[in-house]
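Containing mmCIF, C-alpha atoms: coords_10.cif.
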```
data_run
loop_
_atom_site.label_atom_id
_atom_site.label_comp_id
_atom_site.auth_asym_id
_atom_site.auth_seq_id
_atom_site.Cartn_x
_atom_site.Cartn_y
_atom_site.Cartn_z
CA MET Q 1 88.58 88.37 103.82
CA ALA Q 2 89.92 91.80 104.73
CA ILE Q 3 88.63 94.61 106.93
CA ILE Q 4 88.87 97.76 104.83
CA PHE Q 5 88.43 101.35 106.02
CA ILE Q 6 87.61 103.93 103.32
CA THR Q 7 87.50 107.67 103.94
CA GLY Q 8 85.12 109.91 102.01
CA ALA Q 9 83.03 106.89 101.07
CA ASN Q 10 79.50 108.31 101.21
CA LYS Q 11 79.58 109.08 97.47
CA GLY Q 12 81.68 108.93 94.32
CA LEU Q 13 84.77 106.76 94.06
CA GLY Q 14 84.79 105.86 97.75
CA HIS Q 15 81.18 104.70 97.67
CA GLU Q 16 81.67 102.62 94.53
CA ALA Q 17 84.88 101.10 95.89
CA ALA Q 18 82.99 100.17 99.06
CA ARG Q 19 80.18 98.57 97.02
CA ARG Q 20 82.60 96.51 94.96
CA LEU Q 21 84.70 95.39 97.91
CA ILE Q 22 81.61 94.33 99.87
CA GLY Q 23 80.52 92.40 96.79
CA LEU Q 24 83.83 90.53 96.92
CA GLY Q 25 83.10 89.49 100.49
CA HIS Q 26 85.22 92.01 102.40
CA THR Q 27 84.15 93.91 105.50
CA VAL Q 28 84.02 97.62 104.73
CA LEU Q 29 84.04 100.42 107.27
CA LEU Q 30 82.57 103.43 105.50
CA GLY Q 31 84.14 106.67 106.68
CA ALA Q 32 82.49 110.02 105.99
CA ARG Q 33 82.43 113.49 107.51
CA ASN Q 34 78.65 113.93 107.35
CA ALA Q 35 76.93 111.60 109.81
CA GLN Q 36 73.57 111.56 108.03
CA SER Q 37 74.77 110.89 104.48
CA GLY Q 38 77.43 108.50 105.76
CA GLN Q 39 74.95 106.41 107.70
CA VAL Q 40 72.51 106.31 104.78
CA ALA Q 41 75.26 105.17 102.42
CA ALA Q 42 76.53 102.54 104.85
CA ASP Q 43 73.05 101.14 105.45
CA ALA Q 44 72.40 100.90 101.71
CA LEU Q 45 75.66 99.03 101.09
CA GLY Q 46 75.79 96.83 104.17
CA ALA Q 47 78.83 98.57 105.61
CA ARG Q 48 79.46 99.91 109.10
CA PHE Q 49 79.56 103.70 109.27
CA VAL Q 50 82.39 105.46 111.10
CA GLN Q 51 82.31 109.24 111.24
CA ILE Q 52 85.60 110.88 110.31
CA ASP Q 53 86.63 114.37 109.24
CA VAL Q 54 90.19 113.99 107.94
CA THR Q 55 90.88 117.70 108.53
CA ASP Q 56 90.24 117.36 112.27
CA ASP Q 57 92.77 115.63 114.53
CA ALA Q 58 90.20 114.82 117.21
CA SER Q 59 87.78 113.33 114.68
CA VAL Q 60 90.47 111.11 113.15
CA THR Q 61 91.62 109.97 116.60
CA ALA Q 62 88.02 109.19 117.58
CA ALA Q 63 87.46 107.19 114.38
CA ALA Q 64 90.54 105.07 115.04
CA ALA Q 65 89.38 104.49 118.63
CA ASP Q 66 85.95 103.45 117.33
CA VAL Q 67 87.52 100.85 115.04
CA ALA Q 68 89.87 99.67 117.77
CA GLY Q 69 86.88 99.09 120.05
CA HIS Q 70 84.83 97.22 117.44
CA GLU Q 71 87.04 95.41 114.91
CA GLY Q 72 90.41 95.68 116.67
CA ARG Q 73 92.32 95.96 113.40
CA ILE Q 74 92.11 96.95 109.77
CA ASP Q 75 93.83 95.21 106.88
CA VAL Q 76 93.53 98.02 104.34
CA LEU Q 77 93.23 101.80 104.71
CA VAL Q 78 91.95 103.65 101.64
CA ASN Q 79 92.65 107.39 101.85
CA ASN Q 80 90.00 108.56 99.41
CA ALA Q 81 88.64 111.77 100.96
CA GLY Q 82 89.56 114.77 98.85
CA ILE Q 83 88.47 118.15 97.53
CA HIS Q 84 89.17 119.92 94.24
CA GLY Q 85 89.54 123.56 95.19
CA PRO Q 86 89.49 126.51 92.76
CA SER Q 87 90.41 126.06 89.09
CA GLY Q 88 91.53 128.45 86.37
CA ASP Q 89 93.50 131.66 86.73
CA PRO Q 90 95.96 131.25 89.61
CA GLY Q 91 96.10 135.01 90.06
CA SER Q 92 93.00 134.87 92.24
CA LEU Q 93 94.19 132.06 94.50
CA THR Q 94 94.88 132.74 98.16
CA GLY Q 95 97.00 131.08 100.76
CA ALA Q 96 93.81 130.02 102.51
CA ASP Q 97 92.66 128.29 99.31
CA ALA Q 98 95.93 126.36 99.16
CA LEU Q 99 95.87 125.39 102.80
CA ALA Q 100 92.29 124.11 102.54
CA VAL Q 101 93.11 121.77 99.64
CA LEU Q 102 96.36 120.55 101.14
CA ASP Q 103 94.73 120.07 104.54
CA THR Q 104 92.24 117.59 103.11
CA ASN Q 105 94.20 115.93 100.31
CA VAL Q 106 97.63 115.63 101.92
CA ALA Q 107 97.51 116.37 105.64
CA GLY Q 108 94.30 114.34 105.83
CA ALA Q 109 96.17 111.26 104.64
CA VAL Q 110 98.98 111.94 107.11
CA ARG Q 111 96.53 112.24 110.01
CA THR Q 112 94.67 109.10 109.05
CA ILE Q 113 97.72 106.92 108.48
CA SER Q 114 99.22 108.02 111.79
CA ALA Q 115 96.02 107.31 113.72
CA PHE Q 116 95.35 103.95 112.05
CA LEU Q 117 98.92 102.66 112.02
CA PRO Q 118 98.49 100.60 115.23
CA LEU Q 119 95.36 99.01 113.74
CA LEU Q 120 97.15 98.21 110.48
CA ARG Q 121 99.97 96.57 112.39
CA GLU Q 122 97.45 94.13 113.89
CA SER Q 123 96.93 92.77 110.36
CA ALA Q 124 98.87 89.88 108.86
CA ASP Q 125 99.00 91.74 105.52
CA PRO Q 126 98.48 95.49 106.00
CA ALA Q 127 98.11 97.88 103.09
CA VAL Q 128 97.39 101.55 102.47
CA VAL Q 129 95.88 102.87 99.23
CA ASN Q 130 96.20 106.61 98.67
CA VAL Q 131 93.78 107.83 96.01
CA SER Q 132 95.97 110.20 94.04
CA SER Q 133 95.54 111.35 90.43
CA GLY Q 134 97.28 111.60 87.09
CA MET Q 135 96.61 115.32 87.53
CA GLY Q 136 99.62 115.26 89.85
CA SER Q 137 101.85 113.56 87.27
CA LEU Q 138 104.63 115.59 85.64
CA SER Q 139 104.56 113.48 82.49
CA PHE Q 140 100.77 113.39 82.13
CA THR Q 141 100.27 117.12 82.60
CA HIS Q 142 102.93 117.83 79.94
CA ASP Q 143 101.56 115.34 77.40
CA PRO Q 144 99.27 117.15 74.89
CA GLU Q 145 97.60 113.84 74.04
CA ARG Q 146 96.31 113.39 77.59
CA VAL Q 147 93.32 115.10 79.19
CA GLU Q 148 95.41 115.94 82.27
CA SER Q 149 97.33 118.51 80.19
CA LYS Q 150 94.15 120.41 79.31
CA VAL Q 151 93.09 121.29 82.87
CA ILE Q 152 94.27 124.22 84.99
CA ALA Q 153 93.75 123.25 88.64
CA PRO Q 154 96.95 124.35 90.41
CA LEU Q 155 96.00 123.42 93.95
CA TYR Q 156 94.41 120.07 93.17
CA CYS Q 157 97.32 119.07 90.91
CA ALA Q 158 99.89 120.16 93.48
CA SER Q 159 98.11 118.26 96.24
CA LYS Q 160 98.01 115.04 94.23
CA ALA Q 161 101.68 115.37 93.28
CA ALA Q 162 102.39 115.73 96.99
CA LEU Q 163 100.24 112.71 97.85
CA THR Q 164 102.04 110.51 95.33
CA MET Q 165 105.43 111.55 96.72
CA LEU Q 166 104.11 111.04 100.25
CA THR Q 167 103.23 107.50 99.18
CA THR Q 168 106.76 106.69 98.02
CA GLN Q 169 108.26 108.14 101.19
CA TYR Q 170 105.92 106.22 103.49
CA ALA Q 171 106.58 103.03 101.52
CA LYS Q 172 110.31 103.38 102.20
CA ALA Q 173 109.82 104.37 105.82
CA LEU Q 174 107.26 101.63 106.61
CA PRO Q 175 108.49 98.46 104.88
CA ASP Q 176 106.13 96.29 106.95
CA ILE Q 177 103.11 97.88 105.22
CA ARG Q 178 102.30 97.89 101.50
CA ILE Q 179 101.63 101.53 100.58
CA ASN Q 180 100.62 102.50 97.05
CA ALA Q 181 98.88 105.32 95.16
CA ALA Q 182 95.97 104.86 92.77
CA ASP Q 183 95.17 107.01 89.75
CA PRO Q 184 91.43 106.58 89.08
CA GLY Q 185 91.63 108.38 85.72
CA TYR Q 186 89.17 110.99 84.44
CA THR Q 187 86.02 109.68 86.06
CA ALA Q 188 82.55 111.21 86.18
CA THR Q 189 82.05 112.28 89.81
CA ASP Q 190 80.88 115.33 91.75
CA LEU Q 191 84.52 116.45 91.91
CA ASN Q 192 84.48 117.35 88.19
CA ASP Q 193 80.73 117.97 87.78
CA HIS Q 194 80.47 114.54 86.14
CA ARG Q 195 82.51 115.61 83.08
CA GLY Q 196 84.81 112.58 83.25
CA PHE Q 197 84.58 110.02 80.44
CA GLN Q 198 85.05 106.98 82.68
CA THR Q 199 82.27 105.43 84.73
CA VAL Q 200 82.67 105.42 88.49
CA THR Q 201 83.15 101.66 88.31
CA GLU Q 202 86.03 102.04 85.86
CA GLY Q 203 87.44 104.75 88.10
CA THR Q 204 87.65 102.36 91.03
CA ASP Q 205 89.48 99.58 89.18
CA ALA Q 206 92.92 100.63 90.47
CA ILE Q 207 91.63 101.22 94.01
CA VAL Q 208 89.99 97.80 94.20
CA ALA Q 209 93.02 96.08 92.65
CA LEU Q 210 95.41 97.64 95.16
CA ALA Q 211 93.08 96.93 98.08
CA THR Q 212 92.82 93.25 97.21
CA GLU Q 213 96.27 92.27 95.94
CA GLY Q 214 98.23 89.82 98.04
CA PRO Q 215 101.54 89.87 99.89
CA GLY Q 216 104.60 90.59 97.78
CA ALA Q 217 102.75 92.78 95.29
CA GLY Q 218 105.11 95.68 95.89
CA SER Q 219 105.03 99.02 97.64
CA GLY Q 220 105.66 102.64 96.68
CA ARG Q 221 103.89 102.26 93.32
CA PHE Q 222 101.63 104.59 91.31
CA VAL Q 223 98.95 102.48 89.59
CA ASP Q 224 96.03 103.07 87.23
CA ARG Q 225 93.48 100.61 85.87
CA GLU Q 226 96.01 99.39 83.28
CA GLY Q 227 98.87 98.78 85.72
CA ASP Q 228 101.96 100.49 87.12
CA LEU Q 229 102.79 104.03 86.03
CA GLY Q 230 105.85 106.25 85.99
CA TRP Q 231 105.51 109.78 87.26
#
```
If you took the structure in this file and wrote it as structure tokens, what would it be?
Amino acid sequence: MAIIFITGANKGLGHEAARRLIGLGHTVLLGARNAQSGQVAADALGARFVQIDVTDDASVTAAAADVAGHEGRIDVLVNNAGIHGPSGDPGSLTGADALAVLDTNVAGAVRTISAFLPLLRESADPAVVNVSSGMGSLSFTHDPERVESKVIAPLYCASKAALTMLTTQYAKALPDIRINAADPGYTATDLNDHRGFQTVTEGTDAIVALATEGPGAGSGRFVDREGDLGW
């Protein structure tokens, strides 16, 4: 069974992914920025809580040191922490708005991968799952038949496009680690005020599948609950 670290796992997709992975017998380290809500969530699920704020270098470094001192390795890193940012008319957006979204959704993954890379390399089968979105897909956001084309969320969409490309680049640069991106689909969570038509369990199908697939499954892929996607 694997040791799996999930960021932003005190609620939503991260919490449900943690619940499902624990149910499959894996050891889950539940990462969250808020110590109180993170500890409550971890206790309820039977996970170990590790405080982490992916926008803070010192916090990410401390989280990796915590895991190094307790487990000594991780087999899977799930970069799930993310924010939505402003939607609608881009005329009101500011540079600060953009930096805040990119800091969490993109730079947060960079910080976390860098800090946890030594722990991943202690695994016999290391993997990284970046929770991206079809909202960052060129084809999906241009397809009038898909819900992704109906939403105006410039910063969120741009950040998820960046995260998917980051995934392909890391996969090429780090061939010893399986690195893939998951598209949860339009799932009812706090991120969209629970407007999504998928349940949170359906939304974690791709995350759980990527976190539990075996060696040789492939790297640099973009995957939803139905399988591999283009972009």
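With distances taken from (90.0, 100.0, 115.2) and restricted to all atoms listed in the file, the residues inside 10 Å are Ile3, Phe5, Leu29, Ala62, Ala63, Ala64, Ala65, Asp66, Val67, Ala68, Gly69, His70, Glu71, Gly72, Arg73, Ile74, Ala115, Phe116, Leu117, Pro118, Leu119, Leu120 and Glu122 of chain Q.
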- Message: Env of Val129 in chain Q: 8 Å cut, atoms = only C-alpha atoms, seq-sep filter 2 positions within chain, self excluded. Answer as a PyMOL selection string.
- Response: chain Q and resi 76-79+127+131+179-182+207+210-211
- Message: as a list in words, please: the residues near Val101 in chain Q (cut-off 12 Å, only C-alpha atoms, same-chain neighbours under 6 positions excluded).
- Response: Val54, Thr55, Ala81, Gly82, Ile83, His84, Gly85, Pro86, Ser87, Leu93, Thr94, Gly95, Ala107, Gly108, Ala153, Pro154, Leu155, Tyr156, Cys157, Ala158, Ser159, Lys160, Ala162 and Leu163 of chain Q
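Relative to CA of Asp205 in chain Q, CA of Gly14 in chain Q is found at 11.6 Å.
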- Using the chain letters and numbers from the file, give me the residues hit by the PyMOL selection byres ((chain Q and resi 169) around 12), as a PyMOL selection string. chain Q and resi 110+162-168+170-175+178-181+219-221
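Among the candidates Q:Asp103, Q:Asp75, Q:Asp183, Q:Asp43, the residue lying nearest to Asp228 in chain Q is Q:Asp183 (atoms considered: all atoms listed in the file).
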- Atom-to-atom span, CA of Glu16 in chain Q and CA of Gly227 in chain Q, Å: 19.7 Å
- Item | Gap from CA of Met1 in chain Q to CA of Arg121 in chain Q - Å, one decimal | 16.4 Å
- For the structure provided, state which residues fall under the PyMOL selection byres ((chain Q and resi 49) around 6), and present them as a ChimeraX atom specification. /Q:29-30,39,42,48,50
How would range 164-175 of chain Q read, as a PDB file, in the coordinates of the input, once all heavy atoms are built in?
```
ATOM      1  N   THR Q 164     101.285 111.595  95.950  1.00  0.00           N
ATOM      2  CA  THR Q 164     102.040 110.510  95.330  1.00  0.00           C
ATOM      3  C   THR Q 164     103.447 110.426  95.917  1.00  0.00           C
ATOM      4  O   THR Q 164     103.944 109.331  96.220  1.00  0.00           O
ATOM      5  CB  THR Q 164     102.115 110.707  93.806  1.00  0.00           C
ATOM      6  OG1 THR Q 164     100.784 110.753  93.272  1.00  0.00           O
ATOM      7  CG2 THR Q 164     102.879 109.580  93.136  1.00  0.00           C
ATOM      8  N   MET Q 165     104.097 111.567  96.107  1.00  0.00           N
ATOM      9  CA  MET Q 165     105.430 111.550  96.720  1.00  0.00           C
ATOM     10  C   MET Q 165     105.356 111.095  98.177  1.00  0.00           C
ATOM     11  O   MET Q 165     106.230 110.358  98.654  1.00  0.00           O
ATOM     12  CB  MET Q 165     106.063 112.939  96.629  1.00  0.00           C
ATOM     13  CG  MET Q 165     107.459 113.015  97.240  1.00  0.00           C
ATOM     14  SD  MET Q 165     108.618 111.767  96.585  1.00  0.00           S
ATOM     15  CE  MET Q 165     108.859 112.378  94.915  1.00  0.00           C
ATOM     16  N   LEU Q 166     104.314 111.503  98.875  1.00  0.00           N
ATOM     17  CA  LEU Q 166     104.110 111.040 100.250  1.00  0.00           C
ATOM     18  C   LEU Q 166     104.032 109.512 100.269  1.00  0.00           C
ATOM     19  O   LEU Q 166     104.587 108.859 101.157  1.00  0.00           O
ATOM     20  CB  LEU Q 166     102.815 111.639 100.801  1.00  0.00           C
ATOM     21  CG  LEU Q 166     102.573 111.517 102.299  1.00  0.00           C
ATOM     22  CD1 LEU Q 166     103.404 112.542 103.062  1.00  0.00           C
ATOM     23  CD2 LEU Q 166     101.092 111.727 102.613  1.00  0.00           C
ATOM     24  N   THR Q 167     103.369 108.949  99.277  1.00  0.00           N
ATOM     25  CA  THR Q 167     103.230 107.500  99.180  1.00  0.00           C
ATOM     26  C   THR Q 167     104.589 106.820  99.072  1.00  0.00           C
ATOM     27  O   THR Q 167     104.870 105.837  99.770  1.00  0.00           O
ATOM     28  CB  THR Q 167     102.362 107.128  97.959  1.00  0.00           C
ATOM     29  OG1 THR Q 167     101.061 107.722  98.103  1.00  0.00           O
ATOM     30  CG2 THR Q 167     102.221 105.622  97.817  1.00  0.00           C
ATOM     31  N   THR Q 168     105.457 107.327  98.198  1.00  0.00           N
ATOM     32  CA  THR Q 168     106.760 106.690  98.020  1.00  0.00           C
ATOM     33  C   THR Q 168     107.609 106.819  99.285  1.00  0.00           C
ATOM     34  O   THR Q 168     108.344 105.893  99.637  1.00  0.00           O
ATOM     35  CB  THR Q 168     107.522 107.293  96.825  1.00  0.00           C
ATOM     36  OG1 THR Q 168     107.920 108.634  97.103  1.00  0.00           O
ATOM     37  CG2 THR Q 168     106.666 107.274  95.568  1.00  0.00           C
ATOM     38  N   GLN Q 169     107.497 107.946  99.969  1.00  0.00           N
ATOM     39  CA  GLN Q 169     108.260 108.140 101.190  1.00  0.00           C
ATOM     40  C   GLN Q 169     107.784 107.220 102.311  1.00  0.00           C
ATOM     41  O   GLN Q 169     108.582 106.627 103.038  1.00  0.00           O
ATOM     42  CB  GLN Q 169     108.165 109.613 101.631  1.00  0.00           C
ATOM     43  CG  GLN Q 169     108.912 110.569 100.726  1.00  0.00           C
ATOM     44  CD  GLN Q 169     110.417 110.358 100.788  1.00  0.00           C
ATOM     45  OE1 GLN Q 169     111.026 110.514 101.848  1.00  0.00           O
ATOM     46  NE2 GLN Q 169     111.011 110.003  99.667  1.00  0.00           N
ATOM     47  N   TYR Q 170     106.474 107.108 102.461  1.00  0.00           N
ATOM     48  CA  TYR Q 170     105.920 106.220 103.490  1.00  0.00           C
ATOM     49  C   TYR Q 170     106.267 104.764 103.174  1.00  0.00           C
ATOM     50  O   TYR Q 170     106.514 103.971 104.083  1.00  0.00           O
ATOM     51  CB  TYR Q 170     104.403 106.389 103.585  1.00  0.00           C
ATOM     52  CG  TYR Q 170     103.949 107.469 104.536  1.00  0.00           C
ATOM     53  CD1 TYR Q 170     104.439 108.760 104.460  1.00  0.00           C
ATOM     54  CD2 TYR Q 170     103.009 107.200 105.522  1.00  0.00           C
ATOM     55  CE1 TYR Q 170     104.025 109.752 105.324  1.00  0.00           C
ATOM     56  CE2 TYR Q 170     102.581 108.187 106.406  1.00  0.00           C
ATOM     57  CZ  TYR Q 170     103.101 109.461 106.298  1.00  0.00           C
ATOM     58  OH  TYR Q 170     102.684 110.440 107.167  1.00  0.00           O
ATOM     59  N   ALA Q 171     106.253 104.414 101.898  1.00  0.00           N
ATOM     60  CA  ALA Q 171     106.580 103.030 101.520  1.00  0.00           C
ATOM     61  C   ALA Q 171     108.008 102.676 101.931  1.00  0.00           C
ATOM     62  O   ALA Q 171     108.275 101.560 102.393  1.00  0.00           O
ATOM     63  CB  ALA Q 171     106.388 102.838 100.026  1.00  0.00           C
ATOM     64  N   LYS Q 172     108.927 103.627 101.784  1.00  0.00           N
ATOM     65  CA  LYS Q 172     110.310 103.380 102.200  1.00  0.00           C
ATOM     66  C   LYS Q 172     110.459 103.368 103.718  1.00  0.00           C
ATOM     67  O   LYS Q 172     111.234 102.590 104.268  1.00  0.00           O
ATOM     68  CB  LYS Q 172     111.229 104.432 101.589  1.00  0.00           C
ATOM     69  CG  LYS Q 172     111.416 104.281 100.086  1.00  0.00           C
ATOM     70  CD  LYS Q 172     112.571 105.116  99.574  1.00  0.00           C
ATOM     71  CE  LYS Q 172     112.248 106.592  99.565  1.00  0.00           C
ATOM     72  NZ  LYS Q 172     113.350 107.383  98.944  1.00  0.00           N
ATOM     73  N   ALA Q 173     109.693 104.240 104.369  1.00  0.00           N
ATOM     74  CA  ALA Q 173     109.820 104.370 105.820  1.00  0.00           C
ATOM     75  C   ALA Q 173     109.107 103.253 106.581  1.00  0.00           C
ATOM     76  O   ALA Q 173     109.486 102.933 107.710  1.00  0.00           O
ATOM     77  CB  ALA Q 173     109.259 105.716 106.275  1.00  0.00           C
ATOM     78  N   LEU Q 174     108.082 102.653 105.952  1.00  0.00           N
ATOM     79  CA  LEU Q 174     107.260 101.630 106.610  1.00  0.00           C
ATOM     80  C   LEU Q 174     107.274 100.350 105.773  1.00  0.00           C
ATOM     81  O   LEU Q 174     106.271  99.983 105.147  1.00  0.00           O
ATOM     82  CB  LEU Q 174     105.825 102.127 106.810  1.00  0.00           C
ATOM     83  CG  LEU Q 174     105.659 103.423 107.618  1.00  0.00           C
ATOM     84  CD1 LEU Q 174     104.223 103.906 107.543  1.00  0.00           C
ATOM     85  CD2 LEU Q 174     106.084 103.207 109.065  1.00  0.00           C
ATOM     86  N   PRO Q 175     108.389  99.629 105.742  1.00  0.00           N
ATOM     87  CA  PRO Q 175     108.490  98.460 104.880  1.00  0.00           C
ATOM     88  C   PRO Q 175     107.590  97.299 105.286  1.00  0.00           C
ATOM     89  O   PRO Q 175     107.408  96.358 104.505  1.00  0.00           O
ATOM     90  CB  PRO Q 175     109.977  98.070 104.984  1.00  0.00           C
ATOM     91  CG  PRO Q 175     110.420  98.625 106.300  1.00  0.00           C
ATOM     92  CD  PRO Q 175     109.643  99.894 106.473  1.00  0.00           C
TER      93      PRO Q 175
END
```
